[in-house]
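Trainee: File my_file_15.cif below, mmCIF, C-alpha atoms and all ligand atoms:
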data_data
loop_
_atom_site.label_atom_id
_atom_site.label_comp_id
_atom_site.auth_asym_id
_atom_site.auth_seq_id
_atom_site.Cartn_x
_atom_site.Cartn_y
_atom_site.Cartn_z
CA MET A 1 0.00 0.00 0.00
CA ASN A 2 1.25 3.54 -0.76
CA TRP A 3 2.06 5.93 2.06
CA THR A 4 1.99 9.71 1.97
CA ARG A 5 5.25 11.39 2.93
CA GLU A 6 3.60 12.79 6.09
CA ALA A 7 2.43 9.34 7.15
CA GLU A 8 5.95 7.95 6.55
CA GLU A 9 7.35 10.69 8.79
CA ALA A 10 4.75 9.98 11.48
CA VAL A 11 5.49 6.23 11.60
CA LYS A 12 9.22 6.90 11.98
CA LYS A 13 8.46 8.00 15.53
CA ALA A 14 7.80 4.37 16.46
CA PRO A 15 10.93 2.59 17.78
CA PHE A 16 12.68 0.86 14.86
CA PHE A 17 12.35 -2.64 16.35
CA VAL A 18 8.51 -2.47 16.30
CA ARG A 19 8.21 -0.29 13.20
CA ARG A 20 7.49 -3.07 10.75
CA ARG A 21 4.72 -4.35 12.97
CA VAL A 22 3.33 -0.86 13.47
CA ARG A 23 3.34 -0.34 9.68
CA LEU A 24 1.33 -3.50 9.18
CA GLU A 25 -1.19 -2.42 11.80
CA VAL A 26 -1.50 1.02 10.23
CA GLU A 27 -2.02 -0.47 6.77
CA LYS A 28 -4.68 -2.78 8.22
CA GLU A 29 -6.37 0.24 9.76
CA ALA A 30 -6.27 2.16 6.47
CA ALA A 31 -7.54 -0.84 4.45
CA GLY A 32 -10.32 -1.37 7.00
CA GLN A 33 -11.49 2.16 6.27
CA GLY A 34 -11.45 1.51 2.53
CA ALA A 35 -8.45 3.77 1.90
CA ASP A 36 -6.02 2.96 -0.89
CA ARG A 37 -3.14 4.84 0.71
CA VAL A 38 -1.98 5.54 4.22
CA LEU A 39 -2.56 9.01 5.62
CA PRO A 40 -1.23 10.55 8.86
CA LYS A 41 -4.69 10.09 10.44
CA HIS A 42 -4.36 6.29 10.08
CA VAL A 43 -1.06 6.41 11.98
CA ALA A 44 -2.65 8.61 14.65
CA GLN A 45 -5.67 6.29 14.97
CA CYS A 46 -3.42 3.28 15.47
CA ARG A 47 -1.39 5.13 18.03
CA GLN A 48 -4.60 6.03 19.87
CA LYS A 49 -5.68 2.38 19.91
CA PHE A 50 -2.30 1.34 21.23
CA LEU A 51 -2.40 3.94 24.00
CA SER A 52 -5.91 2.89 24.97
CA GLY A 53 -4.52 -0.60 25.62
CA LYS A 54 -6.50 -2.52 23.02
CA PRO A 55 -4.68 -5.81 22.54
CA VAL A 56 -3.08 -6.53 19.17
CA GLU A 57 -3.28 -10.19 18.17
CA SER A 58 0.22 -11.69 18.06
CA LYS A 59 1.33 -13.97 15.23
CA GLY A 60 3.94 -15.36 17.61
CA PHE A 61 6.77 -13.99 15.50
CA GLU A 62 7.99 -10.78 13.99
CA ILE A 63 10.03 -10.21 10.87
CA GLU A 64 12.07 -7.02 10.82
CA ALA A 65 14.16 -5.56 8.06
CA CYS A 66 16.65 -2.79 7.42
CA PHE A 67 15.95 0.05 5.01
CA GLY A 68 17.71 -1.68 2.12
CA ALA A 69 14.50 -1.88 0.11
CA SER A 70 14.15 1.91 0.17
CA GLY A 71 17.11 2.14 -2.18
CA CYS A 72 20.13 1.82 0.09
CA LYS A 73 23.26 1.76 -2.08
CA ASN A 74 25.01 -0.68 0.25
CA ARG A 75 22.59 -3.48 -0.36
CA ALA A 76 24.35 -6.80 -1.06
CA ASN A 77 21.16 -8.86 -1.41
CA GLY A 78 17.46 -7.97 -1.42
CA SER A 79 15.46 -9.63 1.33
CA GLU A 80 11.85 -9.14 0.13
CA GLU A 81 11.39 -12.53 -1.51
CA LEU A 82 13.04 -14.54 1.26
CA ALA A 83 11.18 -12.56 3.93
CA GLY A 84 7.86 -13.29 2.18
CA GLU A 85 8.57 -17.02 1.96
CA LEU A 86 9.71 -17.16 5.57
CA GLU A 87 6.60 -15.35 6.71
CA THR A 88 4.39 -17.89 4.90
CA MET A 89 6.32 -20.76 6.47
CA LEU A 90 6.19 -19.24 9.96
CA LEU A 91 2.45 -18.61 9.71
CA ARG A 92 1.93 -22.21 8.60
CA ARG A 93 3.85 -23.46 11.64
CA ASP A 94 1.46 -21.60 13.99
CA ILE A 95 4.03 -20.23 16.42
CA ALA A 96 1.30 -18.22 18.14
CA GLY A 97 -0.57 -21.45 18.95
CA PHE A 98 2.62 -23.04 20.27
CA LEU A 99 3.41 -20.03 22.45
CA LYS A 100 -0.14 -19.84 23.78
CA GLU A 101 0.19 -23.41 25.04
CA ARG A 102 3.59 -22.76 26.59
CA THR A 103 2.67 -19.45 28.22
CA ASN A 104 -0.84 -20.19 29.50
CA GLY A 105 -2.39 -18.19 26.69
CA GLU A 106 -0.45 -14.99 27.33
CA VAL A 107 1.81 -14.32 24.36
CA LYS A 108 3.82 -11.22 25.13
CA PHE A 109 6.17 -9.19 22.99
CA HIS A 110 9.24 -10.80 24.56
CA HIS A 111 7.99 -14.32 23.76
CA GLU A 112 7.75 -13.70 20.01
CA LEU A 113 10.30 -15.24 17.70
CA ARG A 114 12.20 -12.45 15.99
CA VAL A 115 13.66 -12.84 12.54
CA CYS A 116 15.72 -9.89 11.47
CA PHE A 117 17.06 -9.07 8.01
CA SER A 118 19.93 -6.79 7.09
CA ASP A 119 20.62 -6.54 3.40
CA CYS A 120 24.35 -6.01 3.89
CA PRO A 121 26.99 -6.59 6.59
CA ASN A 122 26.47 -3.09 8.01
CA ALA A 123 23.67 -4.79 9.93
CA CYS A 124 21.67 -1.61 10.64
CA SER A 125 18.67 -3.61 11.88
CA ARG A 126 20.82 -5.47 14.44
CA PRO A 127 20.31 -9.06 13.31
CA GLN A 128 22.89 -10.15 15.90
CA ILE A 129 20.32 -9.80 18.71
CA ALA A 130 17.42 -11.52 16.94
CA ASP A 131 16.50 -15.18 17.39
CA ILE A 132 17.33 -15.56 13.71
CA GLY A 133 19.52 -12.98 12.00
CA ILE A 134 19.86 -12.96 8.24
CA ILE A 135 22.49 -10.85 6.48
CA GLY A 136 22.75 -10.27 2.73
CA ALA A 137 26.15 -11.37 1.44
CA VAL A 138 28.18 -11.40 -1.75
CA ARG A 139 31.41 -13.34 -2.01
CA ALA A 140 33.79 -11.59 -4.39
CA GLY A 141 36.29 -13.53 -6.49
CA ILE A 142 39.29 -12.30 -8.48
CA ILE A 143 39.48 -13.41 -12.11
CA GLU A 144 43.25 -13.62 -12.36
CA ASP A 145 43.44 -13.52 -16.17
CA LYS A 146 41.66 -10.19 -16.21
CA CYS A 147 43.47 -8.53 -13.29
CA GLY A 148 45.92 -5.87 -14.37
CA GLY A 149 47.28 -5.34 -10.86
CA CYS A 150 46.23 -1.67 -10.64
CA GLY A 151 45.48 -1.86 -6.90
CA THR A 152 42.18 0.06 -7.06
CA CYS A 153 40.39 -2.70 -5.19
CA VAL A 154 42.98 -2.64 -2.38
CA GLU A 155 42.07 1.00 -1.78
CA ALA A 156 38.34 0.33 -2.15
CA CYS A 157 38.08 -2.40 0.48
CA THR A 158 37.62 -0.74 3.87
CA GLU A 159 38.21 -4.08 5.61
CA GLY A 160 41.78 -4.34 4.32
CA ALA A 161 40.80 -7.73 2.93
CA ILE A 162 42.52 -7.31 -0.46
CA HIS A 163 46.25 -7.24 -1.03
CA MET A 164 48.46 -7.41 -4.08
CA ASP A 165 50.32 -10.61 -4.70
CA ARG A 166 53.46 -8.92 -6.04
CA GLY A 167 54.89 -12.16 -7.37
CA ALA A 168 51.88 -12.92 -9.51
CA ALA A 169 50.92 -9.22 -9.97
CA VAL A 170 47.30 -9.95 -9.14
CA ALA A 171 44.95 -9.01 -6.32
CA ARG A 172 44.06 -11.59 -3.66
CA ILE A 173 41.16 -11.60 -1.21
CA ASP A 174 41.69 -12.79 2.34
CA ALA A 175 38.56 -14.78 3.12
CA ASN A 176 39.05 -14.34 6.87
CA SER A 177 38.89 -10.53 6.67
CA CYS A 178 36.28 -10.23 3.91
CA VAL A 179 32.80 -9.45 5.27
CA MET A 180 31.15 -10.23 1.92
CA CYS A 181 29.79 -6.77 1.21
CA GLY A 182 30.53 -6.98 -2.52
CA LYS A 183 31.61 -3.32 -2.65
CA CYS A 184 34.87 -4.06 -4.44
CA ILE A 185 33.14 -5.64 -7.45
CA PRO A 186 32.06 -2.47 -9.27
CA GLU A 187 35.32 -0.71 -8.37
CA CYS A 188 37.53 -2.82 -10.62
CA PRO A 189 38.19 -0.97 -13.90
CA SER A 190 38.98 -4.26 -15.66
CA GLY A 191 35.92 -6.22 -14.57
CA ALA A 192 38.28 -8.65 -12.85
CA ILE A 193 36.22 -9.06 -9.68
CA GLU A 194 33.22 -11.30 -10.00
CA GLU A 195 30.26 -12.11 -7.82
CA ALA A 196 31.40 -15.63 -6.97
CA GLN A 197 28.44 -16.34 -4.66
CA LYS A 198 25.43 -14.39 -3.49
CA GLY A 199 23.20 -15.38 -0.63
CA TRP A 200 22.72 -15.03 3.08
CA ARG A 201 24.76 -15.30 6.25
CA ILE A 202 22.68 -16.75 9.06
CA LEU A 203 22.91 -16.27 12.80
CA ALA A 204 20.84 -18.01 15.45
CA GLY A 205 20.21 -17.51 19.14
CA GLY A 206 20.65 -13.77 19.63
CA LYS A 207 18.61 -12.10 22.37
CA LEU A 208 18.41 -9.22 24.80
CA GLY A 209 16.72 -9.33 28.19
CA ARG A 210 18.15 -10.62 31.43
CA HIS A 211 20.83 -12.75 29.81
CA PRO A 212 21.67 -11.01 26.54
CA GLN A 213 23.79 -12.69 23.90
CA LEU A 214 24.72 -12.28 20.26
CA GLY A 215 23.54 -14.87 17.77
CA LYS A 216 26.09 -17.41 16.59
CA GLU A 217 26.83 -17.42 12.89
CA MET A 218 26.56 -20.63 10.91
CA GLU A 219 29.59 -20.73 8.69
CA GLY A 220 29.02 -20.09 5.01
CA ILE A 221 26.66 -18.33 2.61
CA TYR A 222 23.26 -19.88 2.10
CA SER A 223 20.85 -19.80 -0.81
CA ARG A 224 17.19 -18.88 -0.31
CA GLU A 225 16.14 -22.52 -0.13
CA GLU A 226 18.95 -23.40 2.29
CA ALA A 227 18.12 -20.40 4.47
CA ILE A 228 14.49 -21.49 4.74
CA LYS A 229 15.54 -25.05 5.63
CA LEU A 230 17.86 -23.76 8.35
CA VAL A 231 15.14 -21.59 9.86
CA GLU A 232 12.75 -24.55 9.72
CA ARG A 233 15.31 -26.67 11.53
CA CYS A 234 15.72 -23.99 14.22
CA LEU A 235 11.97 -23.95 14.60
CA GLU A 236 11.84 -27.72 14.94
CA LEU A 237 14.41 -27.56 17.78
CA TYR A 238 12.56 -24.64 19.34
CA PHE A 239 9.24 -26.49 19.34
CA ALA A 240 10.85 -29.62 20.74
CA HIS A 241 12.86 -27.98 23.53
CA SER A 242 11.39 -24.61 24.47
CA VAL A 243 9.83 -24.88 27.89
CA GLY A 244 7.60 -22.02 29.03
CA GLY A 245 8.28 -19.99 25.89
CA GLU A 246 12.03 -19.55 26.47
CA ARG A 247 13.86 -18.01 23.56
CA LEU A 248 15.63 -19.89 20.80
CA GLY A 249 19.02 -18.77 22.17
CA ALA A 250 18.28 -20.36 25.55
CA VAL A 251 17.20 -23.56 23.79
CA LEU A 252 20.36 -23.68 21.65
CA ASN A 253 22.58 -22.96 24.67
CA LYS A 254 21.01 -25.98 26.31
CA ILE A 255 21.07 -28.48 23.44
CA GLY A 256 24.05 -27.18 21.43
CA TYR A 257 24.22 -25.09 18.26
CA ASP A 258 25.60 -28.03 16.30
CA ARG A 259 22.13 -29.58 16.45
CA ILE A 260 21.00 -27.08 13.82
CA LYS A 261 23.07 -28.76 11.17
CA SER A 262 22.96 -32.34 12.46
S1 LIG A 301 21.99 -2.95 6.56
FE1 LIG A 301 23.04 -2.31 4.70
S2 LIG A 301 21.47 -2.36 3.10
FE2 LIG A 301 20.43 -2.33 5.07
S3 LIG A 301 20.01 -0.16 5.47
FE3 LIG A 301 21.94 -0.71 6.50
S4 LIG A 301 23.52 -0.13 5.04
FE4 LIG A 301 21.59 -0.26 3.89
S1 LIG A 302 40.95 -3.32 -9.26
FE1 LIG A 302 40.74 -5.08 -10.65
S2 LIG A 302 42.46 -4.96 -12.03
FE2 LIG A 302 42.93 -3.62 -10.31
S3 LIG A 302 44.08 -4.95 -8.89
FE3 LIG A 302 41.94 -5.08 -8.29
S4 LIG A 302 41.16 -6.85 -9.36
FE4 LIG A 302 43.07 -6.30 -10.36
S1 LIG A 303 33.53 -8.08 -0.57
FE1 LIG A 303 33.77 -6.26 0.73
S2 LIG A 303 35.07 -6.94 2.43
FE2 LIG A 303 35.24 -8.48 0.83
S3 LIG A 303 37.02 -7.92 -0.33
FE3 LIG A 303 35.29 -6.94 -1.36
S4 LIG A 303 35.11 -4.90 -0.44
FE4 LIG A 303 36.46 -6.12 0.87
#
Any chance you could give the structure as structure tokens?
Ligand code: SF4
Ligand code: SF4
Ligand code: SF4
Mentor:
Amino acid sequence: MNWTREAEEAVKKAPFFVRRRVRLEVEKEAAGQGADRVLPKHVAQCRQKFLSGKPVESKGFEIEACFGASGCKNRANGSEELAGELETMLLRRDIAGFLKERTNGEVKFHHELRVCFSDCPNACSRPQIADIGIIGAVRAGIIEDKCGGCGTCVEACTEGAIHMDRGAAVARIDANSCVMCGKCIPECPSGAIEEAQKGWRILAGGKLGRHPQLGKEMEGIYSREEAIKLVERCLELYFAHSVGGERLGAVLNKIGYDRIKS
């Protein structure tokens, strides 16, 4: 649904970690009134409802995203399609029903499973503290035959992950320092840096609260299909081992992160 600029400004006042949810509620409000675009009054009406304490039905999970889709030039991978597929899968798994059982019917904000997307390693939406964090990634590769050894890419990489192999007069990427942002690819004047792999880095088990922790990254870059399978596996473990609605991170601390891939 389209938003007026004023409505966009108004919704920015909501804290970023609930903004996606607030946007959905506002769009629901506008659609319910037969509007085809969101106006500031729809944002105000939602805010009023929230302040009056009217409960908002929880889906048992929340998907958050960075602002990559608004045209951010740092974007390594676009999350819309994967986010849509994950949402369908999560709705099908009825997390709200599961949480209602485990929490005596009281699903609160802190019980919800949070999936957070960042479309590049800058990680503006803080995927490290979500139950599942998903980061857009591009692995760059040097095509040695094309490399003229100009060194432009060495200057372009802010991670210091590229150096010149003086013996071979070609650039080399240090995989341990590369954060897979893909920014060096368009910088090469000879077209000698290719997109060797594009996909997603995945973290699991991040959380805030009384015992905060960062999510642990599963080594590698994953395709859309692989990412969905990994999230499904996390969900399976969560359903099997979460007692009283404890978070995925607490479950994985208990049973071991290696269970995700075993
Ligand atoms: S995480 Fe990257 S793509 Fe997303 S808004 Fe931040 S800089 Fe842009
Ligand atoms: S910018 Fe391209 S041509 Fe120049 S050193 Fe890097 S890879 Fe080689
Ligand atoms: S992908 Fe990013 S971090 Fe990796 S070598 Fe290129 S610019 Fe550096």
Trainee: Here is a test: counting all atoms listed in the file, which residue of A:Ala30, A:Val170, A:Ala83, A:Cys181 is nearest to ligand LIG 301 (chain A)?
Mentor: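 Of all the options, A:Cys181 lies closest to ligand LIG 301 (chain A).
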Trainee: Calculated over only C-alpha atoms, which of the candidates A:Arg139, A:Arg166, A:Arg92, A:Arg19 has the smallest distance to Glu195 in chain A?
Mentor: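 Among A:Arg139, A:Arg166, A:Arg92, A:Arg19, it is A:Arg139 that comes nearest to Glu195 in chain A.
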Trainee: Quick one: residues within 6 Å of ligand LIG 303 (chain A), with only C-alpha atoms and all ligand atoms, as a PyMOL selection string?
Mentor: chain A and resi 139-140+157+159+161-162+173+178-184
Trainee: Could you tell me, counting only C-alpha atoms and all ligand atoms, which protein and nucleic acid residues lie no more than 7 Å from ligand LIG 302 (chain A), written as number ranges by chain?
Mentor: A: 142, 146-154, 164, 170-171, 187-193
Trainee: To one decimal in Å, tell me the separation between CA of His163 in chain A and CA of Arg75 in chain A.
Mentor: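 Atom-to-atom, CA of His163 in chain A and CA of Arg75 in chain A are spaced 24.0 Å apart.
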Trainee: Would you mind telling me which residue in A:Glu25, A:Asp174, A:Glu194, A:Glu64 lies nearest to ligand LIG 301 (chain A) when using only C-alpha atoms and all ligand atoms?
Mentor: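 Nearest candidate to ligand LIG 301 (chain A) out of A:Glu25, A:Asp174, A:Glu194, A:Glu64: A:Glu64.
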Trainee: Identify which of the residues A:Ala35, A:Leu248, A:Ala130, A:Cys72 lies closest to ligand LIG 301 (chain A), counting all atoms listed in the file when measuring atom-to-atom distances.
Mentor: A:Cys72
Trainee: Find the nearest atom pair between each residue of chain A and ligand LIG 301 (chain A) for residues within 10 Å, count all atoms listed in the file, give distances in Å to one decimal, sort rows by chain and ascending number, and present the table as CSV.
Mentor:
residue,atom,partner,partner_atom,distance
A:Ala65,CA,A:LIG301,FE2,7.7
A:Cys66,CA,A:LIG301,FE2,4.5
A:Phe67,CA,A:LIG301,S3,4.1
A:Gly68,CA,A:LIG301,S2,3.9
A:Ala69,CA,A:LIG301,S2,7.6
A:Ser70,CA,A:LIG301,S3,8.2
A:Gly71,CA,A:LIG301,FE4,7.9
A:Cys72,CA,A:LIG301,FE4,4.6
A:Lys73,CA,A:LIG301,FE4,6.5
A:Asn74,CA,A:LIG301,S2,4.8
A:Arg75,CA,A:LIG301,S2,3.8
A:Ala76,CA,A:LIG301,S2,6.7
A:Asn77,CA,A:LIG301,S2,7.9
A:Gly78,CA,A:LIG301,S2,8.2
A:Ser79,CA,A:LIG301,FE2,9.6
A:Phe117,CA,A:LIG301,S1,8.0
A:Ser118,CA,A:LIG301,S1,4.4
A:Asp119,CA,A:LIG301,S2,4.3
A:Cys120,CA,A:LIG301,FE1,4.0
A:Pro121,CA,A:LIG301,FE1,6.1
A:Asn122,CA,A:LIG301,S1,4.7
A:Ala123,CA,A:LIG301,S1,4.2
A:Cys124,CA,A:LIG301,FE3,4.2
A:Ser125,CA,A:LIG301,S1,6.3
A:Arg126,CA,A:LIG301,S1,8.4
A:Pro127,CA,A:LIG301,S1,9.3
A:Ile135,CA,A:LIG301,S1,7.9
A:Gly136,CA,A:LIG301,S2,8.0
A:Cys181,CA,A:LIG301,FE1,8.8
Trainee: So, with all atoms listed in the file as the atoms that count, which of A:Gly220, A:Gly205, A:Gly141, A:Gly84 lies closest to Gly256 in chain A?
Mentor: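 Of A:Gly220, A:Gly205, A:Gly141, A:Gly84, the one nearest Gly256 in chain A is A:Gly205, counting all atoms listed in the file.
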Trainee: Just the number, please: distance in Å from CA of Val26 in chain A to CA of Val38 in chain A, one decimal.
Mentor: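 Taking CA of Val26 in chain A and CA of Val38 in chain A, their separation equals 7.5 Å.
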